[in-house]
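Source file: target.cif; contents: mmCIF, C-alpha atoms and all ligand atoms.
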```cif
data_final
#
loop_
_atom_site.label_atom_id
_atom_site.label_comp_id
_atom_site.auth_asym_id
_atom_site.auth_seq_id
_atom_site.Cartn_x
_atom_site.Cartn_y
_atom_site.Cartn_z
CA MET A 1204 -76.24 -105.88 75.95
CA ILE A 1205 -73.97 -105.16 78.92
CA GLY A 1206 -73.12 -108.69 79.90
CA HIS A 1207 -73.97 -112.32 79.41
CA VAL A 1208 -75.07 -114.02 82.63
CA LEU A 1209 -75.40 -117.73 83.29
CA LEU A 1210 -78.10 -118.17 85.93
CA VAL A 1211 -77.99 -121.57 87.65
CA GLU A 1212 -81.12 -121.91 89.78
CA ASP A 1213 -83.58 -124.78 90.07
CA ASP A 1214 -86.40 -122.80 91.69
CA ARG A 1215 -88.57 -121.99 88.71
CA GLU A 1216 -90.21 -118.91 90.17
CA LEU A 1217 -86.96 -117.36 91.36
CA ARG A 1218 -85.30 -118.21 88.05
CA ALA A 1219 -88.04 -116.37 86.15
CA THR A 1220 -87.91 -113.36 88.50
CA LEU A 1221 -84.14 -113.05 88.27
CA ARG A 1222 -84.11 -113.53 84.51
CA GLU A 1223 -86.65 -110.77 84.07
CA ALA A 1224 -84.85 -108.36 86.41
CA LEU A 1225 -81.52 -108.99 84.68
CA GLU A 1226 -82.97 -108.60 81.19
CA VAL A 1227 -84.61 -105.31 82.14
CA GLU A 1228 -81.14 -104.08 83.15
CA GLY A 1229 -79.76 -105.06 79.75
CA TYR A 1230 -78.08 -108.37 80.56
CA ARG A 1231 -78.45 -111.34 78.28
CA VAL A 1232 -79.41 -114.35 80.39
CA VAL A 1233 -79.02 -118.04 79.82
CA ALA A 1234 -80.66 -120.07 82.56
CA SER A 1235 -79.91 -123.58 83.80
CA ALA A 1236 -81.89 -125.58 86.33
CA SER A 1237 -79.21 -128.20 86.97
CA LEU A 1238 -75.46 -128.68 87.21
CA ALA A 1239 -75.40 -130.85 84.09
CA ASP A 1240 -77.17 -128.20 82.05
CA ALA A 1241 -74.89 -125.43 83.39
CA ARG A 1242 -71.80 -127.49 82.48
CA ALA A 1243 -73.17 -127.98 78.96
CA VAL A 1244 -73.76 -124.23 78.57
CA LEU A 1245 -70.22 -123.45 79.74
CA ALA A 1246 -68.69 -126.09 77.50
CA HIS A 1247 -70.46 -124.73 74.43
CA ALA A 1248 -70.16 -121.00 75.07
CA ALA A 1249 -68.05 -119.53 72.26
CA PRO A 1250 -64.92 -117.78 73.54
CA THR A 1251 -65.89 -114.44 71.96
CA GLN A 1252 -69.43 -114.41 73.30
CA GLY A 1253 -68.72 -116.35 76.44
CA ILE A 1254 -70.36 -116.06 79.81
CA ASP A 1255 -69.35 -112.88 81.67
CA LEU A 1256 -70.70 -113.87 85.06
CA VAL A 1257 -72.27 -116.88 86.78
CA LEU A 1258 -75.04 -116.65 89.39
CA LEU A 1259 -74.85 -119.96 91.19
CA ASP A 1260 -77.38 -121.62 93.46
CA LEU A 1261 -75.94 -124.35 95.70
CA GLY A 1262 -78.82 -126.78 96.26
CA LEU A 1263 -79.41 -128.21 92.79
CA PRO A 1264 -81.26 -131.41 91.84
CA ASP A 1265 -78.15 -133.19 90.53
CA GLY A 1266 -75.61 -132.04 93.10
CA ASP A 1267 -74.04 -129.13 94.93
CA GLY A 1268 -73.24 -125.88 93.11
CA GLU A 1269 -69.95 -125.84 94.94
CA SER A 1270 -68.57 -128.50 92.60
CA LEU A 1271 -69.24 -126.20 89.65
CA LEU A 1272 -67.45 -123.36 91.45
CA ALA A 1273 -64.33 -125.50 91.74
CA ALA A 1274 -64.46 -126.36 88.04
CA LEU A 1275 -65.04 -122.72 87.08
CA ARG A 1276 -62.03 -121.62 89.10
CA ARG A 1277 -59.83 -124.21 87.41
CA GLU A 1278 -60.89 -123.49 83.84
CA HIS A 1279 -62.36 -119.99 83.61
CA SER A 1280 -61.78 -116.54 85.06
CA THR A 1281 -65.52 -115.85 84.99
CA PRO A 1282 -66.73 -114.16 88.20
CA VAL A 1283 -69.13 -116.23 90.29
CA ILE A 1284 -71.76 -114.90 92.71
CA VAL A 1285 -73.28 -117.58 94.91
CA ILE A 1286 -76.98 -117.22 95.69
CA SER A 1287 -78.07 -119.58 98.41
CA ALA A 1288 -80.40 -120.06 101.33
CA ARG A 1289 -77.53 -121.49 103.36
CA GLU A 1290 -76.61 -119.01 105.98
CA GLY A 1291 -73.82 -120.80 107.79
CA ASP A 1292 -70.68 -118.73 108.15
CA GLY A 1293 -68.51 -121.75 107.47
CA SER A 1294 -70.09 -122.27 104.11
CA LYS A 1295 -69.81 -118.57 103.16
CA ILE A 1296 -66.14 -118.47 104.09
CA ARG A 1297 -65.35 -121.68 102.26
CA LEU A 1298 -67.04 -120.41 99.10
CA LEU A 1299 -65.33 -117.02 99.19
CA ASP A 1300 -61.95 -118.62 99.87
CA GLY A 1301 -62.77 -121.15 97.14
CA GLY A 1302 -63.01 -118.40 94.57
CA ALA A 1303 -66.59 -117.07 94.67
CA ASP A 1304 -66.57 -113.31 94.11
CA ASP A 1305 -69.52 -112.72 96.37
CA TYR A 1306 -72.28 -114.46 98.30
CA LEU A 1307 -75.92 -113.47 98.67
CA VAL A 1308 -78.19 -115.19 101.17
CA LYS A 1309 -81.77 -115.74 100.04
CA PRO A 1310 -84.03 -113.91 100.22
CA PHE A 1311 -82.09 -110.93 98.86
CA SER A 1312 -83.28 -107.79 97.14
CA ILE A 1313 -82.95 -107.54 93.38
CA GLY A 1314 -81.37 -104.11 93.86
CA GLU A 1315 -78.60 -105.60 96.00
CA LEU A 1316 -78.01 -108.44 93.55
CA LEU A 1317 -77.69 -106.00 90.65
CA ALA A 1318 -75.29 -103.80 92.62
CA ARG A 1319 -73.04 -106.74 93.56
CA LEU A 1320 -73.17 -107.98 90.00
CA ARG A 1321 -71.95 -104.61 88.70
CA VAL A 1322 -69.13 -104.63 91.24
CA ALA A 1323 -68.04 -108.15 90.31
CA LEU A 1324 -68.01 -107.32 86.60
CA ARG A 1325 -66.19 -104.05 87.13
CA HIS A 1326 -63.59 -105.70 89.30
CA ARG A 1327 -62.93 -108.37 86.75
CA GLY A 1328 -62.34 -105.60 84.21
CA ARG A 1329 -59.99 -103.80 86.59
CA ALA A 1330 -58.09 -106.93 87.45
CA VAL A 1331 -57.15 -107.22 83.79
CA ALA A 1332 -56.12 -103.55 83.65
CA ALA A 1333 -54.14 -101.74 86.35
CA ALA A 1334 -54.39 -102.63 90.01
CA VAL A 1335 -56.44 -100.25 92.13
CA ILE A 1336 -54.08 -97.71 93.68
CA ARG A 1337 -56.43 -94.89 94.60
CA TYR A 1338 -59.73 -94.91 96.45
CA GLU A 1339 -62.11 -92.04 96.93
CA HIS A 1340 -65.47 -92.07 98.64
CA ASP A 1341 -67.38 -89.59 100.75
CA GLY A 1342 -64.41 -87.48 101.80
CA LEU A 1343 -62.01 -90.39 102.29
CA ILE A 1344 -59.06 -90.59 99.93
CA VAL A 1345 -56.58 -93.47 100.03
CA ASP A 1346 -53.60 -93.10 97.73
CA ILE A 1347 -51.77 -96.41 97.92
CA ALA A 1348 -48.91 -95.37 95.64
CA ALA A 1349 -48.21 -92.20 97.63
CA HIS A 1350 -48.92 -93.99 100.95
CA ARG A 1351 -51.31 -91.24 102.01
CA VAL A 1352 -54.75 -91.19 103.58
CA GLY A 1353 -56.92 -88.08 103.74
CA LEU A 1354 -60.26 -87.49 105.39
CA ASP A 1355 -62.32 -84.38 104.62
CA GLY A 1356 -59.21 -82.58 103.41
CA ALA A 1357 -56.95 -83.42 106.38
CA ASP A 1358 -54.14 -85.97 106.46
CA VAL A 1359 -54.80 -89.05 108.59
CA HIS A 1360 -51.86 -90.76 110.24
CA LEU A 1361 -52.02 -94.56 110.10
CA THR A 1362 -49.56 -97.06 111.52
CA PRO A 1363 -47.91 -99.31 108.92
CA THR A 1364 -50.21 -102.22 109.85
CA GLU A 1365 -53.32 -100.06 109.74
CA PHE A 1366 -52.28 -98.83 106.31
CA LYS A 1367 -51.64 -102.35 105.03
CA LEU A 1368 -55.04 -103.48 106.22
CA LEU A 1369 -56.81 -100.50 104.67
CA ALA A 1370 -54.90 -100.92 101.39
CA ARG A 1371 -55.92 -104.58 101.26
CA LEU A 1372 -59.58 -103.58 101.59
CA VAL A 1373 -59.14 -100.81 99.00
CA ARG A 1374 -57.93 -103.34 96.46
CA ASN A 1375 -61.26 -105.17 96.82
CA ALA A 1376 -63.46 -102.17 97.60
CA GLY A 1377 -67.12 -103.07 97.37
CA GLN A 1378 -66.41 -106.75 97.96
CA VAL A 1379 -66.22 -108.76 101.14
CA VAL A 1380 -62.73 -109.91 102.10
CA THR A 1381 -62.67 -112.85 104.53
CA HIS A 1382 -60.92 -112.74 107.91
CA ARG A 1383 -58.60 -115.43 106.66
CA GLN A 1384 -57.63 -113.52 103.53
CA LEU A 1385 -57.00 -110.33 105.50
CA LEU A 1386 -54.92 -112.07 108.14
CA ALA A 1387 -52.88 -113.94 105.54
CA ASP A 1388 -52.26 -110.86 103.40
CA VAL A 1389 -51.55 -108.35 106.17
CA TRP A 1390 -49.89 -110.47 108.88
CA GLY A 1391 -48.84 -113.60 106.99
CA ALA A 1392 -49.94 -117.17 106.39
CA ASP A 1393 -49.12 -118.22 109.98
CA PHE A 1394 -51.64 -115.77 111.42
CA THR A 1395 -54.88 -116.85 109.79
CA GLU A 1396 -56.40 -117.89 113.15
CA HIS A 1397 -55.51 -114.64 114.94
CA THR A 1398 -58.84 -112.91 114.38
CA HIS A 1399 -58.33 -110.80 117.52
CA TYR A 1400 -55.57 -108.88 115.63
CA LEU A 1401 -58.11 -108.06 112.99
CA ARG A 1402 -60.73 -106.89 115.48
CA LEU A 1403 -58.19 -104.66 117.21
CA TYR A 1404 -56.85 -103.04 114.04
CA MET A 1405 -60.28 -102.66 112.50
CA ALA A 1406 -61.40 -100.82 115.65
CA GLN A 1407 -58.37 -98.52 115.33
CA LEU A 1408 -59.10 -97.84 111.67
CA ARG A 1409 -62.73 -97.11 112.43
CA ALA A 1410 -61.75 -94.73 115.24
CA LYS A 1411 -59.67 -92.79 112.71
CA LEU A 1412 -61.93 -92.98 109.67
CA GLU A 1413 -65.52 -93.24 110.85
CA ALA A 1414 -67.62 -90.35 112.19
CA GLN A 1415 -69.28 -92.85 114.55
CA PRO A 1416 -66.97 -95.85 114.96
CA ALA A 1417 -69.74 -97.89 116.62
CA GLU A 1418 -71.94 -97.42 113.57
CA PRO A 1419 -69.48 -97.73 110.70
CA ARG A 1420 -70.51 -96.51 107.28
CA ARG A 1421 -67.24 -97.12 105.45
CA LEU A 1422 -65.63 -100.22 106.97
CA LEU A 1423 -68.52 -102.65 107.16
CA THR A 1424 -68.66 -105.94 109.04
CA GLU A 1425 -69.93 -109.04 107.30
CA PRO A 1426 -70.76 -110.98 110.47
CA GLY A 1427 -68.69 -114.11 110.85
CA VAL A 1428 -67.20 -113.72 107.38
CA GLY A 1429 -65.04 -110.63 107.02
CA TYR A 1430 -65.09 -106.97 106.15
CA ARG A 1431 -66.17 -104.86 103.21
CA LEU A 1432 -64.99 -101.35 102.38
CA VAL A 1433 -67.84 -99.50 100.68
CA GLU A 1434 -67.40 -99.16 96.97
CA ALA A 1435 -65.44 -96.16 95.65
CA ASP A 1436 -67.22 -93.28 93.91
CA CA B 1501 -81.98 -124.61 94.90
#
```
The structure in this file should be written as structure tokens.
Amino acid sequence: MIGHVLLVEDDRELRATLREALEVEGYRVVASASLADARAVLAHAAPTQGIDLVLLDLGLPDGDGESLLAALRREHSTPVIVISAREGDGSKIRLLDGGADDYLVKPFSIGELLARLRVALRHRGRAVAAAVIRYEHDGLIVDIAAHRVGLDGADVHLTPTEFKLLARLVRNAGQVVTHRQLLADVWGADFTEHTHYLRLYMAQLRAKLEAQPAEPRRLLTEPGVGYRLVEAD
């Protein structure tokens, strides 16, 4: 057993498919079809064998999954991945800023869900241990402590702002970081509407770090939401 997942989904067919896929991977799954049932599961989960991750649908028969997200953030540190048919950027951003670890729009592939689930669980483990200070993937090395960036063995010179932006993405490598979070953390809380700064600096970073800046393979765009640095090796 590699993790205990609470699956909150009212679509019976999808619930069965996801349960099966997760169990094949070695997860233990407890499924809920409503908010009330999910709350009962969370209230009764023993601390030592508690829920390791929540997969949360939004449109549920007795309310919106978002209300459970708020409660989870107040009372638990359990990672939450939202699975929803809602595609609106506003809703994605609100959920990510509201504490969801990730967001998958239906229909999604099981492979992608499993990959994001592994990332969310790993990150929760890391957050408890040391902060991420070194990133390595496909020839790119970012050493935050030493303030150095290397690409295919050569040093890359970044401006202080470029480095701050890259370091912020390194700390959440594999996960999407919203425009708002990036602007607040790199430029400051007064700059959360200045998305043009972000576009400019992301273009500069891509010019320095991507083989084909127009078709990025490291610094990925999540349209209307934010950016994701591909997961480290
Ligand atoms: Ca639903």
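Shortest atom-to-atom contact with Leu1324 (chain A) among A:Asp1346, A:Asp1388, A:Asp1255, A:Glu1413: A:Asp1255, counting all atoms listed in the file.
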Neighbour residues at most 12 Å from (-52.1, -104.7, 96.4) (all atoms listed in the file) as a PyMOL selection string: chain A and resi 1330+1333-1337+1346-1348+1366-1376+1385+1388-1389
Restricting the output to C-alpha atoms, write the selected residues as a PDB file, in the frame of the given file.
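File selection_14.pdb, as written:
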```pdb
ATOM      1  CA  ALA A1330     -58.090-106.930  87.450  1.00  0.00           C
ATOM      2  CA  ALA A1333     -54.140-101.740  86.350  1.00  0.00           C
ATOM      3  CA  ALA A1334     -54.390-102.630  90.010  1.00  0.00           C
ATOM      4  CA  VAL A1335     -56.440-100.250  92.130  1.00  0.00           C
ATOM      5  CA  ILE A1336     -54.080 -97.710  93.680  1.00  0.00           C
ATOM      6  CA  ARG A1337     -56.430 -94.890  94.600  1.00  0.00           C
ATOM      7  CA  ASP A1346     -53.600 -93.100  97.730  1.00  0.00           C
ATOM      8  CA  ILE A1347     -51.770 -96.410  97.920  1.00  0.00           C
ATOM      9  CA  ALA A1348     -48.910 -95.370  95.640  1.00  0.00           C
ATOM     10  CA  PHE A1366     -52.280 -98.830 106.310  1.00  0.00           C
ATOM     11  CA  LYS A1367     -51.640-102.350 105.030  1.00  0.00           C
ATOM     12  CA  LEU A1368     -55.040-103.480 106.220  1.00  0.00           C
ATOM     13  CA  LEU A1369     -56.810-100.500 104.670  1.00  0.00           C
ATOM     14  CA  ALA A1370     -54.900-100.920 101.390  1.00  0.00           C
ATOM     15  CA  ARG A1371     -55.920-104.580 101.260  1.00  0.00           C
ATOM     16  CA  LEU A1372     -59.580-103.580 101.590  1.00  0.00           C
ATOM     17  CA  VAL A1373     -59.140-100.810  99.000  1.00  0.00           C
ATOM     18  CA  ARG A1374     -57.930-103.340  96.460  1.00  0.00           C
ATOM     19  CA  ASN A1375     -61.260-105.170  96.820  1.00  0.00           C
ATOM     20  CA  ALA A1376     -63.460-102.170  97.600  1.00  0.00           C
ATOM     21  CA  LEU A1385     -57.000-110.330 105.500  1.00  0.00           C
ATOM     22  CA  ASP A1388     -52.260-110.860 103.400  1.00  0.00           C
ATOM     23  CA  VAL A1389     -51.550-108.350 106.170  1.00  0.00           C
TER      24      VAL A1389
END
```
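The nearest approach to Leu1307 (chain A) among the residues A:Leu1258, A:Leu1221, A:Val1433, A:Val1227, with only C-alpha atoms taken into account, belongs to A:Leu1258.
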message: For a quick check of understanding, using all atoms listed in the file, which of A:Arg1215, A:Leu1298, A:Ala1248, A:His1340 has the smallest distance to Ser1235 (chain A)?
response: A:Arg1215
query: Can you tell me, as a PyMOL selection string, what residues are no more than 8 Å from region 1405-1410 of chain A when counting all atoms listed in the file, ignoring any on the same chain fewer than 2 positions away?
result: chain A and resi 1361+1365+1369+1401-1403+1412-1416+1419+1422
message: So that I can see what lies close to Thr1424 (chain A), please list as a list in words the residues with an atom at most 10 Å from it, counting all atoms listed in the file and leaving out residues fewer than 5 positions away in the same chain.
response: Val1379, Val1380, Met1405, Pro1419, Gly1429, Tyr1430, Arg1431 and Leu1432 of chain A
Mind running chain A against ligand CA 1501 (chain B) at 7 Å and telling me each contacting residue's nearest atom pair with the distance in Å (one decimal), counting all atoms listed in the file, chain and number ascending, as CSV?
```
residue,atom,partner,partner_atom,distance
A:Glu1212,CA,B:CA1501,CA,5.9
A:Asp1213,CA,B:CA1501,CA,5.1
A:Asp1214,CA,B:CA1501,CA,5.8
A:Asp1260,CA,B:CA1501,CA,5.7
A:Leu1261,CA,B:CA1501,CA,6.1
A:Gly1262,CA,B:CA1501,CA,4.1
A:Leu1263,CA,B:CA1501,CA,4.9
```
task: Compile the contact shell of Gly1427 (chain A) as a PyMOL selection string: residues with an atom at most 9 Å away, counting all atoms listed in the file, same-chain residues fewer than 2 positions apart removed.
output: chain A and resi 1291-1293+1295-1296+1381-1382+1424-1425+1429
query: So how many Å separate CA of Glu1290 (chain A) and CA of Phe1311 (chain A), to one decimal?
result: 12.1 Å
For the structure just given, write the atoms of region 1351-1396 of chain A, namely C-alpha atoms, as a short mmCIF file (atom, residue, chain, number, x, y, z; two decimals), in the first residue's frame.
```cif
data_model
loop_
_atom_site.label_atom_id
_atom_site.label_comp_id
_atom_site.auth_asym_id
_atom_site.auth_seq_id
_atom_site.Cartn_x
_atom_site.Cartn_y
_atom_site.Cartn_z
CA ARG A 1351 24.03 28.90 -10.12
CA VAL A 1352 22.32 27.69 -13.27
CA GLY A 1353 23.94 25.32 -15.75
CA LEU A 1354 22.74 24.05 -19.10
CA ASP A 1355 24.46 21.11 -20.82
CA GLY A 1356 27.60 21.72 -18.79
CA ALA A 1357 27.88 25.49 -19.38
CA ASP A 1358 27.04 28.25 -16.91
CA VAL A 1359 23.96 30.31 -17.76
CA HIS A 1360 23.86 33.93 -16.67
CA LEU A 1361 20.48 35.03 -15.30
CA THR A 1362 19.47 38.45 -14.04
CA PRO A 1363 18.43 38.54 -10.37
CA THR A 1364 14.73 38.67 -11.33
CA GLU A 1365 15.07 35.82 -13.81
CA PHE A 1366 16.79 33.76 -11.13
CA LYS A 1367 14.10 34.52 -8.56
CA LEU A 1368 11.39 33.48 -10.98
CA LEU A 1369 13.17 30.26 -11.91
CA ALA A 1370 13.87 29.44 -8.26
CA ARG A 1371 10.19 29.93 -7.43
CA LEU A 1372 9.24 27.42 -10.15
CA VAL A 1373 11.96 25.01 -8.98
CA ARG A 1374 10.46 24.96 -5.50
CA ASN A 1375 7.21 23.65 -7.02
CA ALA A 1376 8.70 21.71 -9.93
CA GLY A 1377 6.12 19.47 -11.54
CA GLN A 1378 3.25 21.59 -10.25
CA VAL A 1379 1.48 24.55 -11.77
CA VAL A 1380 2.17 27.88 -10.05
CA THR A 1381 -0.45 30.56 -10.76
CA HIS A 1382 0.38 33.94 -12.28
CA ARG A 1383 -0.77 35.54 -9.06
CA GLN A 1384 1.49 33.41 -6.88
CA LEU A 1385 4.50 34.05 -9.12
CA LEU A 1386 3.92 37.80 -9.24
CA ALA A 1387 3.39 38.01 -5.49
CA ASP A 1388 6.46 35.92 -4.66
CA VAL A 1389 8.88 37.39 -7.20
CA TRP A 1390 7.76 41.03 -7.48
CA GLY A 1391 5.63 41.51 -4.36
CA ALA A 1392 2.01 41.60 -3.27
CA ASP A 1393 1.37 44.92 -5.07
CA PHE A 1394 2.19 43.41 -8.45
CA THR A 1395 -0.28 40.57 -8.72
CA GLU A 1396 -2.06 42.20 -11.70
#
```
